[in-house]
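Here is the structure we will look at, set down as C-alpha cells.
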Amino acid sequence: MNFNMLHPADQIVMIMNRLYYYGMTTTTGGNLSICDSDGTVWISPSGIDKGNLRREDIMQITKEGKIIGIHKPSVEYPFHLAIYKKRPDLRAVLHAHPPALVAFSIVREIPDTSLVPNAELLCGKISMAKYALPGSSTLGDKISAEFERGINTVMLENHGVVIGAKDLFSAFMSFETLDYCARLQINARTLGRVPHGISEKHMDVYRQKTMPKMDEFVQTEYTSEERAIRREMCDLIHRAYGNQLFTSDQGTFSCKLSDGSFIITPYAKDRMYLEPEDLVHVKNGMREIGKLPSRSAILHQKIYEKDPDIKSVIIAHPPHIMAFAVTDAEFDARLIPESYIALKHVRKYPFGLSFLQPDMMASEISIKNPVVIVENDCIIAAGTSLLNAFDRLEVMEYSAKSLVETAAIGGSVVKINDEEVKEIEVAFNL
C-alpha cells in the first residue's frame with residue numbers, strides 16, 4: 001500500500017486509529033494534521049471519538065483561514081498553523097499524549113534515543129517547550145519557536161509531544177520510535193539498572209550497515225508451499241505488530257522453504273500492512289527481482305545453513321526483553337516451566353556482532369539454544385516452524401515483562417532450581 005496516495009482525510013483517520021488502538025492517545029486526546037500542496041490544512045476534529053473517527057469528520061482550514069467541515073477543528077489547531085508558517089518544509093504534524101512520553105514530560109526529561117540504532121536518525125534532535133495553556137496562542141508561539149530552530153521533535157512540559165515531518169507516516173514513525181525509547185528506558189529503570197546507550201564509535205559502525213549485495217532472479221511461479229508460507233508469515237507479522245513486538249519499520253521474520261530458499265520481510269515497509277506479495281524470496285544468494293530484503297538477510301541465510309533443523313528466524317526489539325539488552329541485567333529463563341522449555345539458556349552478545357560477523361552470530365544459534373540477546377540491538381529467536389519461532393518471541397517478551405513487574409513489586413526472584421530443571425529436561429526431552 002502506498003500510504004501517500006491516500007487522501008489526507010483517510011491518512012489522518014488511519015494514523016489516528018493506530019494511535020488510539022495501541023494506547024497512545026485517549027478518546028478525545030491528540031490531534032493530527034496535513035498541509036496540502038495548495039496550503040489547505042486537514043486536521044482532526046475537536047471532541048470527537050478518536051476510536052471511531054471517519055473521513056467526513058476531518059476538518060479543513062484554507063490558507064485564508066476559512067474553516068470547512070461538520071465539526072470544530074482541534075482546539076490545538078493554532079500551533080499546527082504556526083508550525084507550518086515557520087516551517088514550510090514540513091507537511092504533517094502529530095501531537096499525542098502516550099503514557100510513557102507524558103511521564104517524561106512530567107519530570108521534564110527527554111527520552112534517550114541512543115539506546116537502540118535508528119532512533120536518533122528517526123527522531124533527530126529533541127527539545128522541550130515550556131508549559132502553556134492548551135489551545136492558546138502562547139503555546140503555539142512556544143512550540144513553533146522550537147520548530148523554527150530546525151527541530152522536528154518537541155516535548156511539551158506536562159503535556160506530551162509534537163512531531164513534524166515531510167508526511168504523516170514519517171511523523172508517526174518518529175513518534176512511535178520516541179515512545180518506544182521512553183518505554184524501554186522506563187522498563188530498564190524499573191529493573192533497577194542504568195541503561196547504556198550506543199557509543200558514537202558503535203553508531204559509526206552501524207551507519208556502515210548496508211543492504212546485502214545480491215543478484216536478482218525472476219520468479220516465474222509460486223508453489224503452494226510458498227503461497228501458504230507467505231500468507232502465514234503476514235498473519236504473524238500483523239499479530240507481532242498488534243502485540244507491540246514489532247514497530248512499523250523494525251522487526252524481521254523469515255521462513256525456510258523445502259528447497260533451502262527462504263521468504264523474508266522486505267526492507268523499509270510498514271509491518272502493519274504487509275501483504276504476501278510484499279515479502280521477498282531469497283534463493284541461492286539471489287533476491288526476487290524488484291524487491292529489497294531485510295538488511296539482516298545474510299544472517300538469516302547463515303543460520304539456516306548452519307542448522308538444518310531451523311525453519312524460521314525472527315529478529316525483533318520488544319520493549320521488555322530489550323530492557324535486558326540495554327542494561328547489564330541478565331535474563332534467566334528459569335522462571336516457569338514454559339519459559340525454560342521455550343527459551344532454555346539465553347545468552348547475551350555484544351552490539352554489532354549480528355551484522356559485522358554474521359557467521360559467528362549464526363554459529364551461536366541452534367534448536368538447542370534458539371534465542372539470544374544482542375546488546376542495544378535486538379533479540380533473535382529461531383524455531384522449527386513459523387509458529388514455533390513466534391511462540392519463542394512471545395514467551396521471551398512476556399517472561400521479561402514478568403521480571404520487570406517483579407522488580408516493581410520489590411520481591412526476590414526465586415528461580416526453578418537445578419533439580420527441577422533436570423526434571424523438565426527429562427520430561428520434555430530437551
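Numbering starts fresh at 1 for the residues of each chain in the C-alpha cells, the chains themselves are lettered A, B, ... in the order given, and ligands are numbered from 1 as they appear.
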
- Members of segment 164-311 of chain A assigned strand (DSSP E) by DSSP, as a PyMOL selection string: chain A and resi 164-165+216-217+252-256+262-264+280-283+286-288

Would you save the residues of that selection, restricted to C-alpha atoms, as an mmCIF file, in the first residue's frame?
data_model
loop_
_atom_site.group_PDB
_atom_site.id
_atom_site.type_symbol
_atom_site.label_atom_id
_atom_site.label_comp_id
_atom_site.auth_asym_id
_atom_site.auth_seq_id
_atom_site.Cartn_x
_atom_site.Cartn_y
_atom_site.Cartn_z
ATOM 1 C CA GLY A 164 6.595 17.495 12.376
ATOM 2 C CA ALA A 165 7.693 15.669 9.232
ATOM 3 C CA GLU A 216 18.233 -10.724 -8.815
ATOM 4 C CA PHE A 217 16.255 -13.646 -10.170
ATOM 5 C CA THR A 252 12.234 -9.209 10.597
ATOM 6 C CA PHE A 253 10.581 -12.569 10.008
ATOM 7 C CA SER A 254 11.814 -15.327 7.697
ATOM 8 C CA CYS A 255 10.866 -18.902 6.885
ATOM 9 C CA LYS A 256 12.819 -21.569 5.026
ATOM 10 C CA PHE A 262 13.630 -18.655 2.241
ATOM 11 C CA ILE A 263 10.994 -15.922 2.383
ATOM 12 C CA ILE A 264 11.834 -12.771 4.365
ATOM 13 C CA VAL A 280 10.926 -11.283 -0.626
ATOM 14 C CA HIS A 281 12.103 -14.680 -1.868
ATOM 15 C CA VAL A 282 15.849 -15.262 -1.401
ATOM 16 C CA LYS A 283 17.249 -18.199 -3.363
ATOM 17 C CA MET A 286 19.833 -14.003 -5.005
ATOM 18 C CA ARG A 287 16.788 -11.847 -4.278
ATOM 19 C CA GLU A 288 13.445 -11.786 -6.019
#

- Got a sec: who's within 9 Å of Ile58 of chain A, counting only C-alpha atoms, leaving out chain neighbours fewer than 5 positions off, as a PyMOL selection string? chain A and resi 8-10+12-13+42-45+53+69-71+73

Write the residues you've just listed into a file as a compact mmCIF listing (two decimals), in the first residue's frame, and include C-alpha atoms for each of them.
# COMPACT_ATOMS: atom_id res chain seq x y z
CA PRO A 8 -5.29 13.44 3.58
CA ALA A 9 -8.57 12.71 5.40
CA ASP A 10 -8.00 8.97 5.01
CA ILE A 12 -5.48 11.10 9.34
CA VAL A 13 -8.20 8.53 10.10
CA TRP A 42 -6.56 18.99 7.01
CA ILE A 43 -6.90 18.40 10.75
CA SER A 44 -8.65 16.06 13.18
CA PRO A 45 -11.79 17.46 14.87
CA LEU A 53 -13.14 8.64 13.50
CA GLY A 69 -16.42 20.71 7.89
CA ILE A 70 -19.17 19.35 10.11
CA HIS A 71 -17.32 19.82 13.43
CA PRO A 73 -11.20 21.69 14.29

- Residues near Ala171 of chain A, cut-off 12 Å, only C-alpha atoms, skip fewer than 3 positions along chain, as a PyMOL selection string: chain A and resi 11-12+15+32-34+90-96+122-124+152-154+161-168+174-178+248

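Separating atom CA of Gln60 of chain A from atom CA of Thr40 of chain A is a distance of 6.7 Å.
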
- Item | Separation of atom CA of Phe351 of chain A from atom CA of Ala325 of chain A in Å | 9.3 Å

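Of the listed residues (A:Val102, A:Leu279, A:Leu156, A:Ala323), A:Leu156 comes nearest to Ile126 of chain A; the distances count only C-alpha atoms.
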
- In terms of only C-alpha atoms, the residue from A:Ser385, A:Ser261, A:Ser339, A:Ser312 at minimal distance from Ser399 of chain A is A:Ser339

- Backbone DSSP call of alpha helix (DSSP H) for segment 170-413 of chain A, listed as a VMD selection string: chain A and resid 170 to 190 200 to 207 224 to 242 297 to 306 322 to 325 337 to 343 353 to 356 358 to 363 386 to 409

- Message: I'd like the neighbourhood of Tyr304 of chain A as a VMD selection string, where a residue qualifies if any of its atoms comes within 12 Å (using only C-alpha atoms), though same-chain residues fewer than 2 positions away should be ignored.
- Response: chain A and resid 254 to 263 297 to 302 306 to 313 358 to 359 362 to 363 365 to 367 382 to 384

Any chance you could export the current selection's N, CA and C atoms as a compact mmCIF listing (two decimals), in the first residue's frame?
# COMPACT_ATOMS: atom_id res chain seq x y z
N SER A 254 11.50 -14.52 8.89
CA SER A 254 11.81 -15.33 7.70
C SER A 254 11.40 -16.77 7.92
N CYS A 255 11.22 -17.48 6.82
CA CYS A 255 10.87 -18.90 6.88
C CYS A 255 11.53 -19.63 5.72
N LYS A 256 12.12 -20.78 6.05
CA LYS A 256 12.82 -21.57 5.03
C LYS A 256 11.84 -22.49 4.31
N LEU A 257 11.99 -22.56 2.99
CA LEU A 257 11.18 -23.47 2.18
C LEU A 257 11.89 -24.81 2.04
N SER A 258 11.20 -25.81 1.54
CA SER A 258 11.76 -27.16 1.47
C SER A 258 12.95 -27.27 0.52
N ASP A 259 13.09 -26.33 -0.43
CA ASP A 259 14.23 -26.38 -1.35
C ASP A 259 15.46 -25.64 -0.80
N GLY A 260 15.38 -25.15 0.45
CA GLY A 260 16.51 -24.46 1.06
C GLY A 260 16.48 -22.95 0.90
N SER A 261 15.64 -22.42 0.01
CA SER A 261 15.50 -20.97 -0.12
C SER A 261 14.62 -20.47 1.03
N PHE A 262 14.47 -19.15 1.15
CA PHE A 262 13.63 -18.65 2.24
C PHE A 262 12.90 -17.38 1.84
N ILE A 263 11.80 -17.12 2.56
CA ILE A 263 10.99 -15.92 2.38
C ILE A 263 11.29 -15.01 3.56
N ALA A 297 19.26 -10.17 5.95
CA ALA A 297 19.03 -11.38 5.16
C ALA A 297 20.22 -12.34 5.19
N ILE A 298 21.44 -11.81 5.17
CA ILE A 298 22.62 -12.68 5.18
C ILE A 298 22.69 -13.47 6.48
N LEU A 299 22.38 -12.82 7.62
CA LEU A 299 22.37 -13.53 8.90
C LEU A 299 21.35 -14.66 8.88
N HIS A 300 20.16 -14.39 8.38
CA HIS A 300 19.14 -15.44 8.29
C HIS A 300 19.66 -16.61 7.44
N GLN A 301 20.26 -16.29 6.32
CA GLN A 301 20.80 -17.32 5.42
C GLN A 301 21.84 -18.17 6.14
N LYS A 302 22.74 -17.53 6.88
CA LYS A 302 23.80 -18.25 7.60
C LYS A 302 23.21 -19.17 8.68
N LYS A 306 23.69 -23.30 8.87
CA LYS A 306 24.42 -23.94 9.97
C LYS A 306 23.57 -24.94 10.75
N ASP A 307 22.24 -24.76 10.77
CA ASP A 307 21.39 -25.72 11.48
C ASP A 307 20.18 -26.05 10.61
N PRO A 308 20.20 -27.21 9.96
CA PRO A 308 19.11 -27.59 9.06
C PRO A 308 17.77 -27.75 9.76
N ASP A 309 17.78 -27.93 11.09
CA ASP A 309 16.53 -28.10 11.82
C ASP A 309 15.78 -26.78 12.02
N ILE A 310 16.48 -25.67 11.84
CA ILE A 310 15.83 -24.36 11.98
C ILE A 310 15.07 -24.04 10.70
N LYS A 311 13.78 -23.74 10.86
CA LYS A 311 12.92 -23.45 9.71
C LYS A 311 12.42 -22.00 9.69
N SER A 312 12.59 -21.31 10.81
CA SER A 312 12.13 -19.92 10.87
C SER A 312 12.99 -19.11 11.83
N VAL A 313 13.21 -17.84 11.50
CA VAL A 313 14.03 -16.94 12.32
C VAL A 313 13.31 -15.60 12.44
N PRO A 358 28.21 -12.09 10.81
CA PRO A 358 27.02 -12.96 10.76
C PRO A 358 27.35 -14.45 10.88
N ASP A 359 28.53 -14.88 10.38
CA ASP A 359 28.91 -16.28 10.51
C ASP A 359 29.05 -16.67 11.98
N ALA A 362 25.61 -16.62 13.70
CA ALA A 362 24.80 -17.77 13.29
C ALA A 362 25.25 -19.05 13.99
N SER A 363 26.53 -19.17 14.26
CA SER A 363 27.04 -20.39 14.91
C SER A 363 26.61 -20.48 16.36
N ILE A 365 23.51 -19.87 17.35
CA ILE A 365 22.06 -20.10 17.39
C ILE A 365 21.76 -21.50 16.84
N SER A 366 21.00 -22.27 17.59
CA SER A 366 20.62 -23.62 17.17
C SER A 366 19.29 -23.97 17.81
N ILE A 367 18.73 -25.09 17.42
CA ILE A 367 17.48 -25.52 18.03
C ILE A 367 17.68 -25.80 19.51
N ALA A 382 14.84 -18.48 17.00
CA ALA A 382 14.77 -19.46 15.91
C ALA A 382 13.81 -20.58 16.32
N GLY A 383 13.19 -21.22 15.32
CA GLY A 383 12.26 -22.29 15.62
C GLY A 383 12.16 -23.32 14.53
N THR A 384 11.45 -24.39 14.84
CA THR A 384 11.26 -25.47 13.87
C THR A 384 10.12 -25.17 12.90

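Atom pair atom CA of Cys378 of chain A / atom CA of His317 of chain A: separated by 5.0 Å.
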
Could you produce a table of the residues of segment 347-422 of chain A lying within 12 Å of segment 220-233 of chain A, with the nearest pair of atoms per residue and their separation in Å rounded to one decimal, using only C-alpha atoms, ordered by chain and increasing residue number, as a tab-separated table?
residue	atom	partner	partner_atom	distance
A:Ser385	CA	A:Ile229	CA	10.2
A:Leu386	CA	A:Met233	CA	7.2
A:Leu387	CA	A:Glu232	CA	8.9
A:Ala389	CA	A:Met233	CA	11.2
A:Phe390	CA	A:Met233	CA	9.9

I want to know what sits within 7 Å of Ile106 of chain A, based on only C-alpha atoms, with residues of the same chain fewer than 2 positions away left out; could you give that as a PDB file with C-alpha atoms, in the first residue's frame?
ATOM      1  CA  VAL A 102       3.697  12.017  29.393  1.00  0.00           C
ATOM      2  CA  ALA A 103       5.758  10.522  32.237  1.00  0.00           C
ATOM      3  CA  PHE A 104       8.897  12.078  30.758  1.00  0.00           C
ATOM      4  CA  ARG A 108      10.880  17.378  32.358  1.00  0.00           C
ATOM      5  CA  GLU A 157       6.213  20.241  29.636  1.00  0.00           C
ATOM      6  CA  ASN A 158       3.340  18.439  31.440  1.00  0.00           C
TER       7      ASN A 158
END

- Using only C-alpha atoms, which residue out of A:Thr327, A:Gln208, A:Ser402, A:Asn31 lies closest to Phe355 of chain A? A:Gln208

- Tell me which protein, DNA and RNA residues are within 9 Å of Met203 of chain A, counting only C-alpha atoms, leaving out same-chain ones fewer than 4 positions away, and put them as a PyMOL selection string. chain A and resi 114+117+198-199+207-208

- Message: Could you list, as a list in words, every residue within 10 Å of Lys344 of chain A, counting only C-alpha atoms and ignoring same-chain residues fewer than 6 positions away?
- Response: Asp332, Ala333, Arg334, Pro337, Glu338, Ile367, Lys368, Asn369, Pro370, Val371, Val421, Glu425 and Leu430 of chain A

Filtering to C-alpha atoms, could you give me those residues as a PDB file, in the first residue's frame?
ATOM      1  CA  ASP A 332      17.394 -16.191  33.078  1.00  0.00           C
ATOM      2  CA  ALA A 333      14.532 -18.250  31.629  1.00  0.00           C
ATOM      3  CA  ARG A 334      14.206 -20.482  34.700  1.00  0.00           C
ATOM      4  CA  PRO A 337       8.449 -24.415  33.171  1.00  0.00           C
ATOM      5  CA  GLU A 338       7.047 -22.933  29.953  1.00  0.00           C
ATOM      6  CA  ILE A 367      17.480 -25.519  18.032  1.00  0.00           C
ATOM      7  CA  LYS A 368      19.134 -26.480  21.333  1.00  0.00           C
ATOM      8  CA  ASN A 369      19.925 -22.792  22.058  1.00  0.00           C
ATOM      9  CA  PRO A 370      17.292 -20.972  20.000  1.00  0.00           C
ATOM     10  CA  VAL A 371      17.253 -17.432  21.424  1.00  0.00           C
ATOM     11  CA  VAL A 421      15.356 -28.068  35.590  1.00  0.00           C
ATOM     12  CA  GLU A 425      14.556 -31.625  30.560  1.00  0.00           C
ATOM     13  CA  LEU A 430      15.138 -31.164  25.893  1.00  0.00           C
TER      14      LEU A 430
END
